[in-house]
$ cat run15.cif   # mmCIF, C-alpha atoms; chains and numbers go by the auth columns
data_model
#
loop_
_atom_site.group_PDB
_atom_site.id
_atom_site.type_symbol
_atom_site.label_atom_id
_atom_site.label_comp_id
_atom_site.label_asym_id
_atom_site.label_seq_id
_atom_site.Cartn_x
_atom_site.Cartn_y
_atom_site.Cartn_z
_atom_site.B_iso_or_equiv
_atom_site.auth_seq_id
_atom_site.auth_asym_id
ATOM 1 C CA MET A 1 24.671 0.674 50.115 0.00 1 A
ATOM 2 C CA THR A 2 27.522 -1.743 49.473 0.00 2 A
ATOM 3 C CA ALA A 3 28.419 -3.322 46.159 0.00 3 A
ATOM 4 C CA GLY A 4 26.901 -6.676 47.205 0.00 4 A
ATOM 5 C CA ARG A 5 23.415 -5.294 47.892 0.00 5 A
ATOM 6 C CA ILE A 6 20.869 -4.206 45.294 0.00 6 A
ATOM 7 C CA GLY A 7 18.333 -2.660 47.616 0.00 7 A
ATOM 8 C CA MET A 8 14.572 -3.132 47.816 0.00 8 A
ATOM 9 C CA SER A 9 13.707 -1.172 44.649 0.00 9 A
ATOM 10 C CA GLY A 10 16.329 -3.087 42.633 0.00 10 A
ATOM 11 C CA ALA A 11 14.959 -6.411 43.858 0.00 11 A
ATOM 12 C CA ILE A 12 11.433 -5.371 42.929 0.00 12 A
ATOM 13 C CA LEU A 13 12.593 -4.453 39.418 0.00 13 A
ATOM 14 C CA ILE A 14 14.366 -7.783 38.959 0.00 14 A
ATOM 15 C CA VAL A 15 11.388 -9.807 40.230 0.00 15 A
ATOM 16 C CA SER A 16 9.006 -7.753 38.052 0.00 16 A
ATOM 17 C CA GLY A 17 11.196 -8.412 35.027 0.00 17 A
ATOM 18 C CA ILE A 18 11.305 -12.154 35.693 0.00 18 A
ATOM 19 C CA VAL A 19 7.515 -12.307 36.160 0.00 19 A
ATOM 20 C CA ALA A 20 6.938 -10.285 32.973 0.00 20 A
ATOM 21 C CA LEU A 21 9.281 -12.554 31.002 0.00 21 A
ATOM 22 C CA ALA A 22 7.581 -15.686 32.343 0.00 22 A
ATOM 23 C CA MET A 23 4.135 -14.293 31.466 0.00 23 A
ATOM 24 C CA ALA A 24 5.289 -13.343 27.994 0.00 24 A
ATOM 25 C CA GLN A 25 6.615 -16.858 27.383 0.00 25 A
ATOM 26 C CA GLU A 26 3.415 -18.415 28.748 0.00 26 A
ATOM 27 C CA HIS A 27 1.091 -16.235 26.653 0.00 27 A
ATOM 28 C CA ARG A 28 3.183 -15.683 23.562 0.00 28 A
ATOM 29 C CA THR A 29 1.670 -16.338 20.197 0.00 29 A
ATOM 30 C CA ASP A 30 3.721 -18.228 17.686 0.00 30 A
ATOM 31 C CA ALA A 31 3.574 -15.746 14.853 0.00 31 A
ATOM 32 C CA ALA A 32 6.794 -17.134 13.420 0.00 32 A
ATOM 33 C CA PRO A 33 6.487 -18.481 9.895 0.00 33 A
ATOM 34 C CA GLN A 34 5.805 -22.180 9.666 0.00 34 A
ATOM 35 C CA HIS A 35 7.341 -24.598 7.199 0.00 35 A
ATOM 36 C CA VAL A 36 4.551 -25.647 4.852 0.00 36 A
ATOM 37 C CA VAL A 37 4.886 -28.596 2.487 0.00 37 A
ATOM 38 C CA LEU A 38 1.880 -29.587 0.365 0.00 38 A
ATOM 39 C CA THR A 39 1.507 -31.942 -2.545 0.00 39 A
ATOM 40 C CA PRO A 40 -1.345 -31.251 -4.981 0.00 40 A
ATOM 41 C CA ASP A 41 -3.438 -34.104 -3.560 0.00 41 A
ATOM 42 C CA GLN A 42 -3.220 -32.540 -0.075 0.00 42 A
ATOM 43 C CA LEU A 43 -4.900 -29.276 -1.082 0.00 43 A
ATOM 44 C CA LYS A 44 -8.308 -28.786 0.538 0.00 44 A
ATOM 45 C CA TRP A 45 -10.545 -27.151 -2.066 0.00 45 A
ATOM 46 C CA SER A 46 -13.619 -25.261 -0.927 0.00 46 A
ATOM 47 C CA ASP A 47 -16.536 -23.637 -2.740 0.00 47 A
ATOM 48 C CA GLN A 48 -16.335 -20.887 -0.094 0.00 48 A
ATOM 49 C CA MET A 49 -14.834 -17.922 -1.941 0.00 49 A
ATOM 50 C CA PRO A 50 -13.660 -14.690 -0.306 0.00 50 A
ATOM 51 C CA PRO A 51 -16.384 -12.025 -0.111 0.00 51 A
ATOM 52 C CA GLY A 52 -16.524 -9.967 -3.274 0.00 52 A
ATOM 53 C CA LEU A 53 -15.332 -12.613 -5.723 0.00 53 A
ATOM 54 C CA PRO A 54 -17.777 -14.142 -8.191 0.00 54 A
ATOM 55 C CA ALA A 55 -19.408 -17.453 -7.325 0.00 55 A
ATOM 56 C CA GLY A 56 -18.428 -20.627 -9.102 0.00 56 A
ATOM 57 C CA GLY A 57 -14.761 -20.896 -8.244 0.00 57 A
ATOM 58 C CA GLN A 58 -13.005 -23.001 -5.653 0.00 58 A
ATOM 59 C CA MET A 59 -10.254 -21.945 -3.306 0.00 59 A
ATOM 60 C CA ALA A 60 -7.545 -23.761 -1.348 0.00 60 A
ATOM 61 C CA VAL A 61 -5.567 -21.956 1.339 0.00 61 A
ATOM 62 C CA LEU A 62 -1.929 -22.998 1.096 0.00 62 A
ATOM 63 C CA GLU A 63 -0.545 -20.786 3.847 0.00 63 A
ATOM 64 C CA GLY A 64 -1.713 -18.072 6.216 0.00 64 A
ATOM 65 C CA ASP A 65 -5.221 -16.686 6.615 0.00 65 A
ATOM 66 C CA PRO A 66 -6.697 -14.301 4.010 0.00 66 A
ATOM 67 C CA ALA A 67 -8.850 -12.719 6.724 0.00 67 A
ATOM 68 C CA LYS A 68 -5.876 -11.840 8.926 0.00 68 A
ATOM 69 C CA GLY A 69 -2.425 -11.496 7.396 0.00 69 A
ATOM 70 C CA ALA A 70 -0.042 -12.693 4.716 0.00 70 A
ATOM 71 C CA PHE A 71 -1.509 -15.572 2.737 0.00 71 A
ATOM 72 C CA THR A 72 -1.106 -17.788 -0.305 0.00 72 A
ATOM 73 C CA VAL A 73 -4.168 -19.350 -1.921 0.00 73 A
ATOM 74 C CA ARG A 74 -5.003 -21.203 -5.101 0.00 74 A
ATOM 75 C CA LEU A 75 -8.127 -20.383 -7.054 0.00 75 A
ATOM 76 C CA LYS A 76 -9.765 -22.817 -9.488 0.00 76 A
ATOM 77 C CA ALA A 77 -11.721 -20.654 -11.870 0.00 77 A
ATOM 78 C CA PRO A 78 -14.327 -22.214 -14.154 0.00 78 A
ATOM 79 C CA ALA A 79 -14.520 -21.153 -17.815 0.00 79 A
ATOM 80 C CA ASN A 80 -15.700 -17.563 -18.296 0.00 80 A
ATOM 81 C CA PHE A 81 -14.864 -16.471 -14.740 0.00 81 A
ATOM 82 C CA VAL A 82 -14.844 -12.658 -14.804 0.00 82 A
ATOM 83 C CA ILE A 83 -13.670 -10.210 -12.154 0.00 83 A
ATOM 84 C CA LYS A 84 -14.594 -6.687 -13.262 0.00 84 A
ATOM 85 C CA PRO A 85 -12.298 -3.670 -12.627 0.00 85 A
ATOM 86 C CA HIS A 86 -11.347 -3.471 -8.964 0.00 86 A
ATOM 87 C CA PHE A 87 -8.463 -2.807 -6.589 0.00 87 A
ATOM 88 C CA HIS A 88 -7.109 -4.040 -3.259 0.00 88 A
ATOM 89 C CA SER A 89 -5.598 -2.206 -0.280 0.00 89 A
ATOM 90 C CA ALA A 90 -2.547 -4.509 -0.438 0.00 90 A
ATOM 91 C CA GLY A 91 -0.358 -5.586 -3.313 0.00 91 A
ATOM 92 C CA GLU A 92 -1.267 -8.782 -5.141 0.00 92 A
ATOM 93 C CA HIS A 93 0.971 -11.414 -6.743 0.00 93 A
ATOM 94 C CA ILE A 94 -0.549 -13.925 -9.150 0.00 94 A
ATOM 95 C CA THR A 95 1.075 -16.983 -10.732 0.00 95 A
ATOM 96 C CA VAL A 96 -0.803 -19.068 -13.296 0.00 96 A
ATOM 97 C CA ILE A 97 -0.586 -22.756 -12.417 0.00 97 A
ATOM 98 C CA GLU A 98 -2.844 -24.260 -15.138 0.00 98 A
ATOM 99 C CA GLY A 99 -4.583 -22.823 -18.188 0.00 99 A
ATOM 100 C CA THR A 100 -4.536 -19.208 -19.339 0.00 100 A
ATOM 101 C CA PHE A 101 -5.556 -16.247 -17.192 0.00 101 A
ATOM 102 C CA TYR A 102 -6.096 -12.801 -18.675 0.00 102 A
ATOM 103 C CA ILE A 103 -5.232 -9.673 -16.700 0.00 103 A
ATOM 104 C CA GLY A 104 -5.747 -6.050 -17.668 0.00 104 A
ATOM 105 C CA SER A 105 -5.351 -2.711 -15.949 0.00 105 A
ATOM 106 C CA GLY A 106 -7.610 0.295 -15.747 0.00 106 A
ATOM 107 C CA ASP A 107 -11.109 1.350 -14.774 0.00 107 A
ATOM 108 C CA THR A 108 -12.836 -0.227 -17.802 0.00 108 A
ATOM 109 C CA PHE A 109 -13.281 -3.911 -18.593 0.00 109 A
ATOM 110 C CA GLU A 110 -11.772 -4.280 -22.067 0.00 110 A
ATOM 111 C CA LYS A 111 -10.869 -7.838 -23.068 0.00 111 A
ATOM 112 C CA THR A 112 -8.749 -6.595 -25.971 0.00 112 A
ATOM 113 C CA LYS A 113 -6.473 -4.707 -23.556 0.00 113 A
ATOM 114 C CA ALA A 114 -5.761 -7.716 -21.338 0.00 114 A
ATOM 115 C CA THR A 115 -2.569 -9.770 -21.380 0.00 115 A
ATOM 116 C CA ALA A 116 -2.857 -13.547 -21.677 0.00 116 A
ATOM 117 C CA LEU A 117 -0.805 -15.240 -18.961 0.00 117 A
ATOM 118 C CA PRO A 118 -0.221 -18.937 -19.732 0.00 118 A
ATOM 119 C CA ALA A 119 0.781 -21.541 -17.138 0.00 119 A
ATOM 120 C CA GLY A 120 3.930 -20.235 -15.474 0.00 120 A
ATOM 121 C CA GLY A 121 2.963 -16.601 -16.132 0.00 121 A
ATOM 122 C CA PHE A 122 3.202 -14.078 -13.290 0.00 122 A
ATOM 123 C CA THR A 123 1.990 -10.597 -12.418 0.00 123 A
ATOM 124 C CA ALA A 124 2.582 -8.347 -9.401 0.00 124 A
ATOM 125 C CA MET A 125 0.294 -5.390 -8.805 0.00 125 A
ATOM 126 C CA PRO A 126 0.802 -2.690 -6.186 0.00 126 A
ATOM 127 C CA ALA A 127 -1.870 -1.727 -3.674 0.00 127 A
ATOM 128 C CA GLY A 128 -4.566 0.436 -5.235 0.00 128 A
ATOM 129 C CA MET A 129 -3.851 -0.601 -8.837 0.00 129 A
ATOM 130 C CA ARG A 130 -7.098 -0.896 -10.761 0.00 130 A
ATOM 131 C CA HIS A 131 -7.280 -4.107 -12.730 0.00 131 A
ATOM 132 C CA PHE A 132 -9.611 -6.772 -14.092 0.00 132 A
ATOM 133 C CA ALA A 133 -9.281 -10.461 -14.911 0.00 133 A
ATOM 134 C CA PHE A 134 -11.012 -13.257 -16.790 0.00 134 A
ATOM 135 C CA ASN A 135 -10.466 -16.617 -18.441 0.00 135 A
ATOM 136 C CA ASP A 136 -12.060 -18.448 -21.368 0.00 136 A
ATOM 137 C CA GLN A 137 -11.294 -21.989 -20.168 0.00 137 A
ATOM 138 C CA PRO A 138 -10.900 -23.421 -16.662 0.00 138 A
ATOM 139 C CA CYS A 139 -7.654 -22.348 -15.007 0.00 139 A
ATOM 140 C CA VAL A 140 -5.847 -22.419 -11.675 0.00 140 A
ATOM 141 C CA ILE A 141 -4.029 -19.394 -10.290 0.00 141 A
ATOM 142 C CA GLN A 142 -2.033 -18.854 -7.128 0.00 142 A
ATOM 143 C CA ILE A 143 -2.448 -15.567 -5.255 0.00 143 A
ATOM 144 C CA HIS A 144 -0.135 -14.207 -2.600 0.00 144 A
ATOM 145 C CA SER A 145 -0.941 -11.027 -0.675 0.00 145 A
ATOM 146 C CA ASP A 146 -1.216 -9.449 2.752 0.00 146 A
ATOM 147 C CA GLY A 147 -4.557 -9.679 4.506 0.00 147 A
ATOM 148 C CA PRO A 148 -7.068 -9.016 5.423 0.00 148 A
ATOM 149 C CA PHE A 149 -8.198 -9.663 1.863 0.00 149 A
ATOM 150 C CA ASP A 150 -10.390 -6.924 0.466 0.00 150 A
ATOM 151 C CA ILE A 151 -11.719 -6.026 -2.948 0.00 151 A
ATOM 152 C CA THR A 152 -13.267 -2.737 -4.031 0.00 152 A
ATOM 153 C CA TYR A 153 -14.967 -2.551 -7.405 0.00 153 A
ATOM 154 C CA VAL A 154 -14.517 0.565 -9.535 0.00 154 A
ATOM 155 C CA ASN A 155 -18.228 0.353 -10.401 0.00 155 A
ATOM 156 C CA ALA A 156 -20.252 -0.700 -7.346 0.00 156 A
ATOM 157 C CA ALA A 157 -22.810 -2.416 -9.619 0.00 157 A
ATOM 158 C CA ASP A 158 -20.097 -4.931 -10.656 0.00 158 A
ATOM 159 C CA ASP A 159 -19.639 -6.142 -7.078 0.00 159 A
ATOM 160 C CA PRO A 160 -21.185 -9.638 -6.676 0.00 160 A
ATOM 161 C CA ARG A 161 -22.111 -8.676 -3.110 0.00 161 A
ATOM 162 C CA ALA A 162 -24.452 -6.001 -4.529 0.00 162 A
ATOM 163 C CA ALA A 163 -26.585 -8.648 -6.282 0.00 163 A
ATOM 164 C CA GLY A 164 -28.143 -9.694 -2.972 0.00 164 A
ATOM 165 C CA THR A 165 -29.173 -6.140 -2.115 0.00 165 A
ATOM 166 C CA LYS A 166 -31.335 -5.472 -5.205 0.00 166 A
#
$ encode --input "run15.cif" --output "structure tokens"
Amino acid sequence: MTAGRIGMSGAILIVSGIVALAMAQEHRTDAAPQHVVLTPDQLKWSDQMPPGLPAGGQMAVLEGDPAKGAFTVRLKAPANFVIKPHFHSAGEHITVIEGTFYIGSGDTFEKTKATALPAGGFTAMPAGMRHFAFNDQPCVIQIHSDGPFDITYVNAADDPRAAGTK
């Protein structure tokens, strides 16, 4: 073989590579982050809450998809919204946008052991951390996490999904 010839097997490899590259470009999914810009009046609020959260709140997805991967959502919680002790398989980051949101850690719901987070307050909890939350007045919080969103209650009887099975 001379330096100017690549041979049949070399040509097949080159053609295969070109075809594979073309197919990858044609069928690629754009998983790259997107630039998201939203003003408050552009948020789309829904009564559809993620499974396992109490009824009565409203949610707006700001970015991502809670059922699939990284996401940021806002939750409007009515007065006396209570989420009993639970944990998630991914870490959770919460920022209080409006009102006061109370967060506590542990397996037992104890209001006196919760910390009041006013507007601008923030908490970050690692995966598996047992915690609970509530508010006395309406509030808005922003949650950022990696999906799919899940919630496991320390006491199965506290899970709102269990109410439909009794």
$ residues_near_point --input "run15.cif" --point "(-7.6, -21.5, -15.8)" --cutoff "12 Å" --atoms "all atoms listed in the file" --output "count of residues only"
35
$ resolve_selection --input "run15.cif" --expression "the PyMOL selection byres ((chain A and resi 159) around 9)" --output "ChimeraX atom specification"
/A:52-54,83-84,86,151-158,160-163
$ resolve_selection --input "run15.cif" --expression "the PyMOL selection byres ((chain A and resi 124) around 6)" --output "ChimeraX atom specification"
/A:92-93,123,125
$ residues_near_point --input "run15.cif" --point "(-3.1, -3.5, 0.8)" --cutoff "12 Å" --atoms "only C-alpha atoms" --output "count of residues only"
25
$ resolve_selection --input "run15.cif" --expression "the PyMOL selection byres ((chain A and resi 48) around 7)" --output "VMD selection string"
chain A and resid 46 to 47 49 to 50 58 to 59
$ residues_around --input "run15.cif" --residues "range 104-114 of chain A" --least-positions-apart "4" --cutoff "6 Å" --atoms "all atoms listed in the file" --output "list in words"
Pro85, Arg130, His131 and Phe132 of chain A
$ write_last_selection --input "run15.cif" --atoms "C-alpha atoms" --output "PDB file, in the coordinates of the input"
ATOM      1  CA  PRO A  85     -12.298  -3.670 -12.627  1.00  0.00           C
ATOM      2  CA  ARG A 130      -7.098  -0.896 -10.761  1.00  0.00           C
ATOM      3  CA  HIS A 131      -7.280  -4.107 -12.730  1.00  0.00           C
ATOM      4  CA  PHE A 132      -9.611  -6.772 -14.092  1.00  0.00           C
TER       5      PHE A 132
END
$ closest_residue --input "run15.cif" --among "A:Pro51, A:Phe122, A:Lys44, A:His35" --to "Val73 in chain A" --atoms "all atoms listed in the file"
A:Lys44
$ closest_residue --input "run15.cif" --among "A:Ala67, A:Val61, A:Ala55, A:Ile143" --to "Ile94 in chain A" --atoms "only C-alpha atoms"
A:Ile143
$ atom_distance --input "run15.cif" --atom1 "CA of Val36 in chain A" --atom2 "CA of Leu62 in chain A"
7.9 Å
$ closest_residue --input "run15.cif" --among "A:Gln42, A:Thr115, A:Val37, A:Gly56" --to "Ile103 in chain A" --atoms "all atoms listed in the file"
A:Thr115
$ decode --input "run15.cif" --residues "range 36-63 of chain A" --atoms "C-alpha atoms" --output "PDB file, in the first residue's frame"
ATOM      1  CA  VAL A  36     -34.860  31.630  30.506  1.00  0.00           C
ATOM      2  CA  VAL A  37     -36.172  35.118  31.223  1.00  0.00           C
ATOM      3  CA  LEU A  38     -39.519  35.480  33.009  1.00  0.00           C
ATOM      4  CA  THR A  39     -41.248  38.438  34.561  1.00  0.00           C
ATOM      5  CA  PRO A  40     -43.729  37.723  37.368  1.00  0.00           C
ATOM      6  CA  ASP A  41     -46.714  38.318  35.072  1.00  0.00           C
ATOM      7  CA  GLN A  42     -45.417  35.634  32.674  1.00  0.00           C
ATOM      8  CA  LEU A  43     -45.531  32.827  35.241  1.00  0.00           C
ATOM      9  CA  LYS A  44     -48.135  30.172  34.439  1.00  0.00           C
ATOM     10  CA  TRP A  45     -49.662  29.086  37.748  1.00  0.00           C
ATOM     11  CA  SER A  46     -51.389  25.726  37.964  1.00  0.00           C
ATOM     12  CA  ASP A  47     -53.433  23.981  40.650  1.00  0.00           C
ATOM     13  CA  GLN A  48     -51.706  20.761  39.531  1.00  0.00           C
ATOM     14  CA  MET A  49     -49.240  20.005  42.325  1.00  0.00           C
ATOM     15  CA  PRO A  50     -46.548  17.315  42.202  1.00  0.00           C
ATOM     16  CA  PRO A  51     -47.721  13.948  43.561  1.00  0.00           C
ATOM     17  CA  GLY A  52     -47.266  13.741  47.304  1.00  0.00           C
ATOM     18  CA  LEU A  53     -47.693  17.424  48.129  1.00  0.00           C
ATOM     19  CA  PRO A  54     -50.828  18.610  49.912  1.00  0.00           C
ATOM     20  CA  ALA A  55     -53.676  20.018  47.843  1.00  0.00           C
ATOM     21  CA  GLY A  56     -54.455  23.703  47.861  1.00  0.00           C
ATOM     22  CA  GLY A  57     -51.240  25.182  46.542  1.00  0.00           C
ATOM     23  CA  GLN A  58     -50.353  26.416  43.090  1.00  0.00           C
ATOM     24  CA  MET A  59     -47.178  25.786  41.164  1.00  0.00           C
ATOM     25  CA  ALA A  60     -45.390  27.518  38.288  1.00  0.00           C
ATOM     26  CA  VAL A  61     -42.517  25.809  36.492  1.00  0.00           C
ATOM     27  CA  LEU A  62     -39.805  28.367  35.800  1.00  0.00           C
ATOM     28  CA  GLU A  63     -37.265  26.048  34.204  1.00  0.00           C
TER      29      GLU A  63
END
